[in-house]
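Note sheet for the following structure.
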Amino acid sequence: MASLPTGPPISFPATKGVLLSVVWIGLCCIAKINAGGDLGRVIGIGNNEREFDYFKLSLIWPGTSCAATPRHCCSSNACCRRSDAPTGFTIHGLWPDYSDGTWPACCPGKKFDVNVISSLLSTMNKYWPSLSCDSNISNCYGGTGLFWEHEWEKHGTCSSPVVRDEYDYFVKTLDLYFKYNVTEVLKKAGYVASNSEKYPLEGIISAIQTAFHVTPELQCSGNSIDELRLCFSKDLKLTDCEAESSTKSVLINSETSCPKYVRLPEVVSSI
Ligand code: U2P
């Protein structure tokens with residue numbers, strides 16, 4: 001009768017190690033489901049994530065975003081700041097992306113610690129505010145938390161080696177936001193928040209192209225601009241956002257993109 005091959009006995013600590021790894025991978029999977037809602041495009045788990053190809057600086061138009069959540073008010077929701085509500089683009093996040101249209105998310109790294117960015121908080125509250133309640137924002141570990149926690153854990157942790165740590169992630173993002181002031185560029189071209197005006201999409205794209213010599217990515221909700229994204233190479237130089245929309249005509253003609261005339265609505269502050 002054939003006997004089972006014998007090997008070194010598996011010690012308890014080794015078994016425990018295997019079990020812990022399985023639990024950890026399981027937790028990572030859950031985190032991806034909770035933190036994204038965009039699982040189809042998120043790839044990689046654990047340490048095998050390959051390095052990203054480029055960055056997207058994603059900016060939110062608060063007037064559009066706030067209109068989508070009119071009744072969810074709480075202290076963290078900047079839509080509810082009445083006269084102090086944001087008047088221009090605010091930061092959504094700096095996202096490491098792959099050239100094929102997917103992106104890494106929730107890479108192993110340090111958990112968010114708000115104390116690390118205490119010196120940045122007043123700037124962050126103004127230019128990188130949450131536009132919903134923290135209880136609705138998922139982190140990478142199956143819970144909920146601050147908007148900044150979500151952005152650091154989901155995107156910041158996958159931004160190495162360009163981004164060194166949590167503090168560096170927020171500083172680099174704020175630097176890019178202030179260096180390439182999209183709200184100011186559009187204002188100079190006559191595109192300002194308005195609840196009555198409609199603007200030609202082509203004019204908005206041209207204004208960015210003239211100022212920064214690159215093509216942005218735009219996302220609309222109905223006929224209102226929801227997000228404007230600037231793309232950057234890994235050395236943080238502006239580059240065209242090519243992955244999803246390589247030319248102006250693609251942007252304008254695409255069925256899933258913005259219509260030819262778009263709005264930049266003002267924030268109608270909810271209570
Ligand atoms: O578009 C829906 C959400 O998917 C994430 N996203 C999108 C495009 C991209 O290039 N990279 C990327 O990460 C964003 O996820 P969030 O940070 O909001 O969780 C985006 O909102």
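Each chain of the structure tokens is named A, B, ... in the order shown, its residues numbered from 1; ligands are numbered from 1 in display order.
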To test your reading of the structure, identify every residue in range 44-212 of chain A that backbone DSSP assigns to strand (DSSP E or B), and report it as a PDB file with all heavy atoms, in the first residue's frame.
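Output saved as result.pdb:
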```pdb
ATOM      1  N   TYR A  54       0.306  56.520 -14.533  1.00  0.00           N
ATOM      2  CA  TYR A  54       0.190  57.988 -14.501  1.00  0.00           C
ATOM      3  C   TYR A  54      -0.817  58.388 -13.428  1.00  0.00           C
ATOM      4  O   TYR A  54      -1.503  57.531 -12.856  1.00  0.00           O
ATOM      5  CB  TYR A  54      -0.227  58.521 -15.879  1.00  0.00           C
ATOM      6  CG  TYR A  54      -1.668  58.224 -16.261  1.00  0.00           C
ATOM      7  CD1 TYR A  54      -2.645  59.206 -16.165  1.00  0.00           C
ATOM      8  CD2 TYR A  54      -2.055  56.960 -16.705  1.00  0.00           C
ATOM      9  CE1 TYR A  54      -3.973  58.930 -16.506  1.00  0.00           C
ATOM     10  CE2 TYR A  54      -3.366  56.687 -17.050  1.00  0.00           C
ATOM     11  CZ  TYR A  54      -4.318  57.679 -16.947  1.00  0.00           C
ATOM     12  OH  TYR A  54      -5.624  57.409 -17.263  1.00  0.00           O
ATOM     13  N   PHE A  55      -0.882  59.700 -13.160  1.00  0.00           N
ATOM     14  CA  PHE A  55      -1.826  60.204 -12.147  1.00  0.00           C
ATOM     15  C   PHE A  55      -2.975  60.964 -12.792  1.00  0.00           C
ATOM     16  O   PHE A  55      -2.787  61.635 -13.825  1.00  0.00           O
ATOM     17  CB  PHE A  55      -1.132  61.213 -11.234  1.00  0.00           C
ATOM     18  CG  PHE A  55      -0.302  60.633 -10.139  1.00  0.00           C
ATOM     19  CD1 PHE A  55       1.060  60.899 -10.076  1.00  0.00           C
ATOM     20  CD2 PHE A  55      -0.873  59.865  -9.131  1.00  0.00           C
ATOM     21  CE1 PHE A  55       1.834  60.399  -9.046  1.00  0.00           C
ATOM     22  CE2 PHE A  55      -0.106  59.362  -8.093  1.00  0.00           C
ATOM     23  CZ  PHE A  55       1.250  59.625  -8.055  1.00  0.00           C
ATOM     24  N   LYS A  56      -4.116  60.915 -12.127  1.00  0.00           N
ATOM     25  CA  LYS A  56      -5.220  61.825 -12.451  1.00  0.00           C
ATOM     26  C   LYS A  56      -5.490  62.670 -11.217  1.00  0.00           C
ATOM     27  O   LYS A  56      -5.667  62.107 -10.123  1.00  0.00           O
ATOM     28  CB  LYS A  56      -6.490  61.027 -12.733  1.00  0.00           C
ATOM     29  CG  LYS A  56      -6.782  60.799 -14.175  1.00  0.00           C
ATOM     30  CD  LYS A  56      -8.101  60.072 -14.341  1.00  0.00           C
ATOM     31  CE  LYS A  56      -8.071  59.346 -15.681  1.00  0.00           C
ATOM     32  NZ  LYS A  56      -9.228  58.445 -15.816  1.00  0.00           N
ATOM     33  N   LEU A  57      -5.506  63.980 -11.409  1.00  0.00           N
ATOM     34  CA  LEU A  57      -5.956  64.865 -10.335  1.00  0.00           C
ATOM     35  C   LEU A  57      -7.422  65.125 -10.619  1.00  0.00           C
ATOM     36  O   LEU A  57      -7.770  65.782 -11.602  1.00  0.00           O
ATOM     37  CB  LEU A  57      -5.166  66.181 -10.351  1.00  0.00           C
ATOM     38  CG  LEU A  57      -5.657  67.237  -9.359  1.00  0.00           C
ATOM     39  CD1 LEU A  57      -5.425  66.801  -7.910  1.00  0.00           C
ATOM     40  CD2 LEU A  57      -4.965  68.582  -9.622  1.00  0.00           C
ATOM     41  N   SER A  58      -8.279  64.598  -9.780  1.00  0.00           N
ATOM     42  CA  SER A  58      -9.706  64.686 -10.049  1.00  0.00           C
ATOM     43  C   SER A  58     -10.323  65.799  -9.207  1.00  0.00           C
ATOM     44  O   SER A  58     -10.175  65.831  -7.984  1.00  0.00           O
ATOM     45  CB  SER A  58     -10.356  63.336  -9.726  1.00  0.00           C
ATOM     46  OG  SER A  58     -11.661  63.333 -10.227  1.00  0.00           O
ATOM     47  N   LEU A  59     -10.987  66.726  -9.914  1.00  0.00           N
ATOM     48  CA  LEU A  59     -11.596  67.884  -9.249  1.00  0.00           C
ATOM     49  C   LEU A  59     -13.113  67.804  -9.356  1.00  0.00           C
ATOM     50  O   LEU A  59     -13.648  67.451 -10.408  1.00  0.00           O
ATOM     51  CB  LEU A  59     -11.103  69.181  -9.915  1.00  0.00           C
ATOM     52  CG  LEU A  59      -9.585  69.332 -10.026  1.00  0.00           C
ATOM     53  CD1 LEU A  59      -9.236  70.611 -10.787  1.00  0.00           C
ATOM     54  CD2 LEU A  59      -8.943  69.357  -8.641  1.00  0.00           C
ATOM     55  N   ILE A  60     -13.768  68.159  -8.281  1.00  0.00           N
ATOM     56  CA  ILE A  60     -15.236  68.084  -8.244  1.00  0.00           C
ATOM     57  C   ILE A  60     -15.830  69.473  -8.433  1.00  0.00           C
ATOM     58  O   ILE A  60     -15.314  70.455  -7.876  1.00  0.00           O
ATOM     59  CB  ILE A  60     -15.705  67.578  -6.855  1.00  0.00           C
ATOM     60  CG1 ILE A  60     -15.069  66.236  -6.522  1.00  0.00           C
ATOM     61  CG2 ILE A  60     -17.221  67.514  -6.758  1.00  0.00           C
ATOM     62  CD1 ILE A  60     -15.420  65.738  -5.114  1.00  0.00           C
ATOM     63  N   THR A  90     -13.321  71.773  -6.155  1.00  0.00           N
ATOM     64  CA  THR A  90     -12.609  71.276  -4.971  1.00  0.00           C
ATOM     65  C   THR A  90     -11.926  69.952  -5.363  1.00  0.00           C
ATOM     66  O   THR A  90     -12.195  69.406  -6.433  1.00  0.00           O
ATOM     67  CB  THR A  90     -13.572  71.059  -3.788  1.00  0.00           C
ATOM     68  OG1 THR A  90     -14.625  70.179  -4.197  1.00  0.00           O
ATOM     69  CG2 THR A  90     -14.151  72.375  -3.293  1.00  0.00           C
ATOM     70  N   ILE A  91     -11.076  69.470  -4.484  1.00  0.00           N
ATOM     71  CA  ILE A  91     -10.300  68.261  -4.817  1.00  0.00           C
ATOM     72  C   ILE A  91     -11.106  67.007  -4.511  1.00  0.00           C
ATOM     73  O   ILE A  91     -11.738  66.920  -3.448  1.00  0.00           O
ATOM     74  CB  ILE A  91      -8.991  68.237  -4.002  1.00  0.00           C
ATOM     75  CG1 ILE A  91      -8.156  69.494  -4.291  1.00  0.00           C
ATOM     76  CG2 ILE A  91      -8.186  66.967  -4.310  1.00  0.00           C
ATOM     77  CD1 ILE A  91      -6.946  69.660  -3.379  1.00  0.00           C
ATOM     78  N   HIS A  92     -11.091  66.060  -5.435  1.00  0.00           N
ATOM     79  CA  HIS A  92     -11.628  64.729  -5.149  1.00  0.00           C
ATOM     80  C   HIS A  92     -10.453  63.853  -4.698  1.00  0.00           C
ATOM     81  O   HIS A  92     -10.469  63.310  -3.619  1.00  0.00           O
ATOM     82  CB  HIS A  92     -12.315  64.156  -6.395  1.00  0.00           C
ATOM     83  CG  HIS A  92     -13.005  62.850  -6.149  1.00  0.00           C
ATOM     84  ND1 HIS A  92     -14.009  62.368  -6.951  1.00  0.00           N
ATOM     85  CD2 HIS A  92     -12.833  61.908  -5.195  1.00  0.00           C
ATOM     86  CE1 HIS A  92     -14.438  61.201  -6.487  1.00  0.00           C
ATOM     87  NE2 HIS A  92     -13.730  60.902  -5.434  1.00  0.00           N
ATOM     88  N   GLY A  93      -9.426  63.784  -5.534  1.00  0.00           N
ATOM     89  CA  GLY A  93      -8.258  63.008  -5.108  1.00  0.00           C
ATOM     90  C   GLY A  93      -7.213  62.954  -6.201  1.00  0.00           C
ATOM     91  O   GLY A  93      -7.461  63.359  -7.345  1.00  0.00           O
ATOM     92  N   LEU A  94      -6.036  62.477  -5.831  1.00  0.00           N
ATOM     93  CA  LEU A  94      -4.978  62.213  -6.797  1.00  0.00           C
ATOM     94  C   LEU A  94      -4.961  60.698  -6.971  1.00  0.00           C
ATOM     95  O   LEU A  94      -4.704  59.963  -6.016  1.00  0.00           O
ATOM     96  CB  LEU A  94      -3.633  62.721  -6.264  1.00  0.00           C
ATOM     97  CG  LEU A  94      -2.451  62.605  -7.217  1.00  0.00           C
ATOM     98  CD1 LEU A  94      -2.636  63.490  -8.452  1.00  0.00           C
ATOM     99  CD2 LEU A  94      -1.147  63.005  -6.495  1.00  0.00           C
ATOM    100  N   TRP A  95      -5.249  60.255  -8.205  1.00  0.00           N
ATOM    101  CA  TRP A  95      -5.444  58.826  -8.439  1.00  0.00           C
ATOM    102  C   TRP A  95      -4.340  58.236  -9.317  1.00  0.00           C
ATOM    103  O   TRP A  95      -4.148  58.678 -10.459  1.00  0.00           O
ATOM    104  CB  TRP A  95      -6.774  58.592  -9.166  1.00  0.00           C
ATOM    105  CG  TRP A  95      -7.988  59.076  -8.431  1.00  0.00           C
ATOM    106  CD1 TRP A  95      -8.098  59.357  -7.099  1.00  0.00           C
ATOM    107  CD2 TRP A  95      -9.288  59.339  -9.002  1.00  0.00           C
ATOM    108  NE1 TRP A  95      -9.377  59.769  -6.808  1.00  0.00           N
ATOM    109  CE2 TRP A  95     -10.124  59.762  -7.951  1.00  0.00           C
ATOM    110  CE3 TRP A  95      -9.814  59.243 -10.292  1.00  0.00           C
ATOM    111  CZ2 TRP A  95     -11.466  60.097  -8.161  1.00  0.00           C
ATOM    112  CZ3 TRP A  95     -11.146  59.581 -10.501  1.00  0.00           C
ATOM    113  CH2 TRP A  95     -11.958  59.995  -9.436  1.00  0.00           C
ATOM    114  N   PRO A  96      -3.643  57.234  -8.826  1.00  0.00           N
ATOM    115  CA  PRO A  96      -2.703  56.514  -9.686  1.00  0.00           C
ATOM    116  C   PRO A  96      -3.512  55.594 -10.605  1.00  0.00           C
ATOM    117  O   PRO A  96      -4.415  54.895 -10.139  1.00  0.00           O
ATOM    118  CB  PRO A  96      -1.871  55.706  -8.690  1.00  0.00           C
ATOM    119  CG  PRO A  96      -2.756  55.519  -7.502  1.00  0.00           C
ATOM    120  CD  PRO A  96      -3.700  56.686  -7.461  1.00  0.00           C
ATOM    121  N   ASP A  97      -3.234  55.636 -11.897  1.00  0.00           N
ATOM    122  CA  ASP A  97      -3.995  54.854 -12.878  1.00  0.00           C
ATOM    123  C   ASP A  97      -3.067  54.059 -13.779  1.00  0.00           C
ATOM    124  O   ASP A  97      -1.898  54.406 -13.936  1.00  0.00           O
ATOM    125  CB  ASP A  97      -4.816  55.799 -13.779  1.00  0.00           C
ATOM    126  CG  ASP A  97      -6.158  56.148 -13.168  1.00  0.00           C
ATOM    127  OD1 ASP A  97      -6.266  56.159 -11.925  1.00  0.00           O
ATOM    128  OD2 ASP A  97      -7.100  56.412 -13.934  1.00  0.00           O
ATOM    129  N   TRP A 103      -7.217  50.690 -12.554  1.00  0.00           N
ATOM    130  CA  TRP A 103      -6.362  51.326 -11.553  1.00  0.00           C
ATOM    131  C   TRP A 103      -6.203  50.426 -10.345  1.00  0.00           C
ATOM    132  O   TRP A 103      -7.078  49.610 -10.047  1.00  0.00           O
ATOM    133  CB  TRP A 103      -6.948  52.677 -11.117  1.00  0.00           C
ATOM    134  CG  TRP A 103      -8.374  52.602 -10.685  1.00  0.00           C
ATOM    135  CD1 TRP A 103      -8.839  52.269  -9.453  1.00  0.00           C
ATOM    136  CD2 TRP A 103      -9.527  52.878 -11.488  1.00  0.00           C
ATOM    137  NE1 TRP A 103     -10.200  52.311  -9.438  1.00  0.00           N
ATOM    138  CE2 TRP A 103     -10.652  52.694 -10.667  1.00  0.00           C
ATOM    139  CE3 TRP A 103      -9.713  53.279 -12.821  1.00  0.00           C
ATOM    140  CZ2 TRP A 103     -11.955  52.867 -11.134  1.00  0.00           C
ATOM    141  CZ3 TRP A 103     -11.012  53.457 -13.279  1.00  0.00           C
ATOM    142  CH2 TRP A 103     -12.110  53.262 -12.447  1.00  0.00           C
ATOM    143  N   PRO A 104      -5.082  50.595  -9.656  1.00  0.00           N
ATOM    144  CA  PRO A 104      -4.895  49.835  -8.417  1.00  0.00           C
ATOM    145  C   PRO A 104      -5.673  50.518  -7.291  1.00  0.00           C
ATOM    146  O   PRO A 104      -5.978  51.708  -7.394  1.00  0.00           O
ATOM    147  CB  PRO A 104      -3.394  49.944  -8.171  1.00  0.00           C
ATOM    148  CG  PRO A 104      -3.021  51.262  -8.776  1.00  0.00           C
ATOM    149  CD  PRO A 104      -3.945  51.475  -9.950  1.00  0.00           C
ATOM    150  N   SER A 138     -16.846  54.839   2.553  1.00  0.00           N
ATOM    151  CA  SER A 138     -16.214  53.598   2.984  1.00  0.00           C
ATOM    152  C   SER A 138     -14.692  53.705   2.963  1.00  0.00           C
ATOM    153  O   SER A 138     -14.115  54.357   2.096  1.00  0.00           O
ATOM    154  CB  SER A 138     -16.665  52.466   2.071  1.00  0.00           C
ATOM    155  OG  SER A 138     -16.408  52.799   0.733  1.00  0.00           O
ATOM    156  N   THR A 144     -16.374  52.772   7.723  1.00  0.00           N
ATOM    157  CA  THR A 144     -16.559  54.083   7.104  1.00  0.00           C
ATOM    158  C   THR A 144     -15.655  55.080   7.810  1.00  0.00           C
ATOM    159  O   THR A 144     -15.154  54.806   8.898  1.00  0.00           O
ATOM    160  CB  THR A 144     -18.021  54.575   7.217  1.00  0.00           C
ATOM    161  OG1 THR A 144     -18.386  54.589   8.591  1.00  0.00           O
ATOM    162  CG2 THR A 144     -18.958  53.682   6.441  1.00  0.00           C
ATOM    163  N   TYR A 199     -22.755  76.729 -21.057  1.00  0.00           N
ATOM    164  CA  TYR A 199     -21.504  77.078 -21.739  1.00  0.00           C
ATOM    165  C   TYR A 199     -21.138  76.007 -22.760  1.00  0.00           C
ATOM    166  O   TYR A 199     -21.408  74.814 -22.534  1.00  0.00           O
ATOM    167  CB  TYR A 199     -20.372  77.178 -20.721  1.00  0.00           C
ATOM    168  CG  TYR A 199     -20.610  78.180 -19.610  1.00  0.00           C
ATOM    169  CD1 TYR A 199     -20.681  77.757 -18.275  1.00  0.00           C
ATOM    170  CD2 TYR A 199     -20.760  79.535 -19.884  1.00  0.00           C
ATOM    171  CE1 TYR A 199     -20.891  78.668 -17.244  1.00  0.00           C
ATOM    172  CE2 TYR A 199     -20.960  80.455 -18.852  1.00  0.00           C
ATOM    173  CZ  TYR A 199     -21.029  80.004 -17.549  1.00  0.00           C
ATOM    174  OH  TYR A 199     -21.242  80.908 -16.521  1.00  0.00           O
ATOM    175  N   PRO A 200     -20.479  76.419 -23.864  1.00  0.00           N
ATOM    176  CA  PRO A 200     -20.044  75.400 -24.832  1.00  0.00           C
ATOM    177  C   PRO A 200     -18.919  74.543 -24.231  1.00  0.00           C
ATOM    178  O   PRO A 200     -17.926  75.084 -23.746  1.00  0.00           O
ATOM    179  CB  PRO A 200     -19.530  76.226 -26.018  1.00  0.00           C
ATOM    180  CG  PRO A 200     -19.241  77.572 -25.462  1.00  0.00           C
ATOM    181  CD  PRO A 200     -20.110  77.783 -24.260  1.00  0.00           C
TER     182      PRO A 200
END
```
>> Residues near range 158-169 of chain A, anyone? I mean within 9 Å using only C-alpha atoms, not counting same-chain ones fewer than 5 positions away, as an MDAnalysis selection string.
In response: chainID A and resid 49 51:52 55 94:96 104:113 116:117 120 152:153 174 234:236
>> Which residue is closest to ligand 1? Choose from A:Asp240, A:Glu266, A:Glu227, A:Glu197 and count only C-alpha atoms and all ligand atoms.
In response: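 Using only C-alpha atoms and all ligand atoms, ligand 1 sits closest to A:Glu227.
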>> Calculated over only C-alpha atoms and all ligand atoms, which of the candidates A:Asn181, A:Ser119, A:Asn223, A:Ser65 has the smallest distance to ligand 1?
In response: A:Ser65
> Of the candidates A:Thr173, A:Ser132, A:Thr183, A:Ser194, which shows the shortest atom-to-atom distance to Ala207 in chain A, using only C-alpha atoms?
Replying inline: A:Thr183
>> I'd like to know which of A:Gly63, A:Gly156, A:Pro265, A:Pro259 is closest to ligand 1, using only C-alpha atoms and all ligand atoms.
In response: A:Gly156
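Proximity to range 260-262 of chain A at 10 Å, evaluated using only C-alpha atoms and with sequence-adjacent residues fewer than 4 positions away removed, yields Glu197, Lys198, Tyr199, Pro200, Leu201, Glu202, Gly203, Ile204, Cys220, Ser221, Gly222, Asn223, Ser224, Ile225, Leu251, Ile252 and Asn253 of chain A.
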File of the preceding selection, N, CA, C and O atoms, as a PDB file, in the first residue's frame:
```pdb
ATOM      1  N   GLU A 197     -26.821  80.085 -16.868  1.00  0.00           N
ATOM      2  CA  GLU A 197     -26.020  79.977 -18.104  1.00  0.00           C
ATOM      3  C   GLU A 197     -25.724  78.536 -18.504  1.00  0.00           C
ATOM      4  O   GLU A 197     -25.591  77.658 -17.644  1.00  0.00           O
ATOM      5  N   LYS A 198     -25.595  78.363 -19.813  1.00  0.00           N
ATOM      6  CA  LYS A 198     -25.032  77.112 -20.353  1.00  0.00           C
ATOM      7  C   LYS A 198     -23.808  77.509 -21.161  1.00  0.00           C
ATOM      8  O   LYS A 198     -23.847  78.522 -21.866  1.00  0.00           O
ATOM      9  N   TYR A 199     -22.755  76.729 -21.057  1.00  0.00           N
ATOM     10  CA  TYR A 199     -21.504  77.078 -21.739  1.00  0.00           C
ATOM     11  C   TYR A 199     -21.138  76.007 -22.760  1.00  0.00           C
ATOM     12  O   TYR A 199     -21.408  74.814 -22.534  1.00  0.00           O
ATOM     13  N   PRO A 200     -20.479  76.419 -23.864  1.00  0.00           N
ATOM     14  CA  PRO A 200     -20.044  75.400 -24.832  1.00  0.00           C
ATOM     15  C   PRO A 200     -18.919  74.543 -24.231  1.00  0.00           C
ATOM     16  O   PRO A 200     -17.926  75.084 -23.746  1.00  0.00           O
ATOM     17  N   LEU A 201     -19.101  73.241 -24.280  1.00  0.00           N
ATOM     18  CA  LEU A 201     -18.088  72.327 -23.751  1.00  0.00           C
ATOM     19  C   LEU A 201     -16.743  72.577 -24.427  1.00  0.00           C
ATOM     20  O   LEU A 201     -15.685  72.586 -23.791  1.00  0.00           O
ATOM     21  N   GLU A 202     -16.816  72.812 -25.739  1.00  0.00           N
ATOM     22  CA  GLU A 202     -15.594  73.038 -26.505  1.00  0.00           C
ATOM     23  C   GLU A 202     -14.822  74.260 -25.971  1.00  0.00           C
ATOM     24  O   GLU A 202     -13.596  74.255 -25.924  1.00  0.00           O
ATOM     25  N   GLY A 203     -15.559  75.282 -25.549  1.00  0.00           N
ATOM     26  CA  GLY A 203     -14.926  76.494 -25.006  1.00  0.00           C
ATOM     27  C   GLY A 203     -14.209  76.191 -23.701  1.00  0.00           C
ATOM     28  O   GLY A 203     -13.098  76.684 -23.456  1.00  0.00           O
ATOM     29  N   ILE A 204     -14.826  75.362 -22.883  1.00  0.00           N
ATOM     30  CA  ILE A 204     -14.225  75.009 -21.594  1.00  0.00           C
ATOM     31  C   ILE A 204     -12.951  74.196 -21.809  1.00  0.00           C
ATOM     32  O   ILE A 204     -11.909  74.467 -21.211  1.00  0.00           O
ATOM     33  N   CYS A 220     -19.753  64.494 -16.760  1.00  0.00           N
ATOM     34  CA  CYS A 220     -20.972  65.261 -16.478  1.00  0.00           C
ATOM     35  C   CYS A 220     -22.019  64.412 -15.799  1.00  0.00           C
ATOM     36  O   CYS A 220     -22.036  63.186 -15.920  1.00  0.00           O
ATOM     37  N   SER A 221     -22.894  65.094 -15.098  1.00  0.00           N
ATOM     38  CA  SER A 221     -24.085  64.458 -14.576  1.00  0.00           C
ATOM     39  C   SER A 221     -25.232  65.208 -15.253  1.00  0.00           C
ATOM     40  O   SER A 221     -25.454  66.390 -14.975  1.00  0.00           O
ATOM     41  N   GLY A 222     -25.900  64.552 -16.180  1.00  0.00           N
ATOM     42  CA  GLY A 222     -26.866  65.265 -17.030  1.00  0.00           C
ATOM     43  C   GLY A 222     -26.093  66.282 -17.853  1.00  0.00           C
ATOM     44  O   GLY A 222     -25.069  65.959 -18.450  1.00  0.00           O
ATOM     45  N   ASN A 223     -26.524  67.544 -17.807  1.00  0.00           N
ATOM     46  CA  ASN A 223     -25.762  68.547 -18.560  1.00  0.00           C
ATOM     47  C   ASN A 223     -24.884  69.407 -17.640  1.00  0.00           C
ATOM     48  O   ASN A 223     -24.382  70.452 -18.048  1.00  0.00           O
ATOM     49  N   SER A 224     -24.683  68.976 -16.403  1.00  0.00           N
ATOM     50  CA  SER A 224     -23.819  69.728 -15.480  1.00  0.00           C
ATOM     51  C   SER A 224     -22.456  69.064 -15.351  1.00  0.00           C
ATOM     52  O   SER A 224     -22.379  67.830 -15.204  1.00  0.00           O
ATOM     53  N   ILE A 225     -21.419  69.870 -15.365  1.00  0.00           N
ATOM     54  CA  ILE A 225     -20.073  69.304 -15.161  1.00  0.00           C
ATOM     55  C   ILE A 225     -19.968  68.797 -13.718  1.00  0.00           C
ATOM     56  O   ILE A 225     -20.278  69.514 -12.767  1.00  0.00           O
ATOM     57  N   LEU A 251     -14.252  63.581 -26.835  1.00  0.00           N
ATOM     58  CA  LEU A 251     -14.928  64.072 -25.637  1.00  0.00           C
ATOM     59  C   LEU A 251     -16.320  64.611 -25.958  1.00  0.00           C
ATOM     60  O   LEU A 251     -17.277  64.357 -25.257  1.00  0.00           O
ATOM     61  N   ILE A 252     -16.386  65.355 -27.044  1.00  0.00           N
ATOM     62  CA  ILE A 252     -17.644  66.028 -27.347  1.00  0.00           C
ATOM     63  C   ILE A 252     -18.662  65.066 -27.944  1.00  0.00           C
ATOM     64  O   ILE A 252     -19.853  65.159 -27.666  1.00  0.00           O
ATOM     65  N   ASN A 253     -18.188  64.110 -28.728  1.00  0.00           N
ATOM     66  CA  ASN A 253     -19.135  63.231 -29.411  1.00  0.00           C
ATOM     67  C   ASN A 253     -19.525  61.995 -28.600  1.00  0.00           C
ATOM     68  O   ASN A 253     -20.537  61.374 -28.875  1.00  0.00           O
TER      69      ASN A 253
END
```
> What gap, in Å, lies between atom 9 (C, counted along the ligand's line) of ligand 1 and CA of Cys133 in chain A?
Replying inline: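 Answer for the atom 9 (C, counted along the ligand's line) of ligand 1 to CA of Cys133 in chain A separation: 21.9 Å.
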> Which value, in Å to one decimal, gives the distance between CA of Ser75 in chain A and CA of Lys172 in chain A?
Replying inline: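 Calculated distance between CA of Ser75 in chain A and CA of Lys172 in chain A is 26.5 Å.
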> Neighbours of Val114 in chain A within 9 Å (only C-alpha atoms; same-chain residues fewer than 4 positions away dropped), as a ChimeraX atom specification?
Replying inline: /A:118,121,148-149
> Could you name the residues that touch Glu242 in chain A at 12 Å or less, counting only C-alpha atoms, but leaving out those on the same chain fewer than 4 positions away, as a PyMOL selection string?
Replying inline: chain A and resi 53-56+97-101+214-218+229-233+238+246-248+250-251
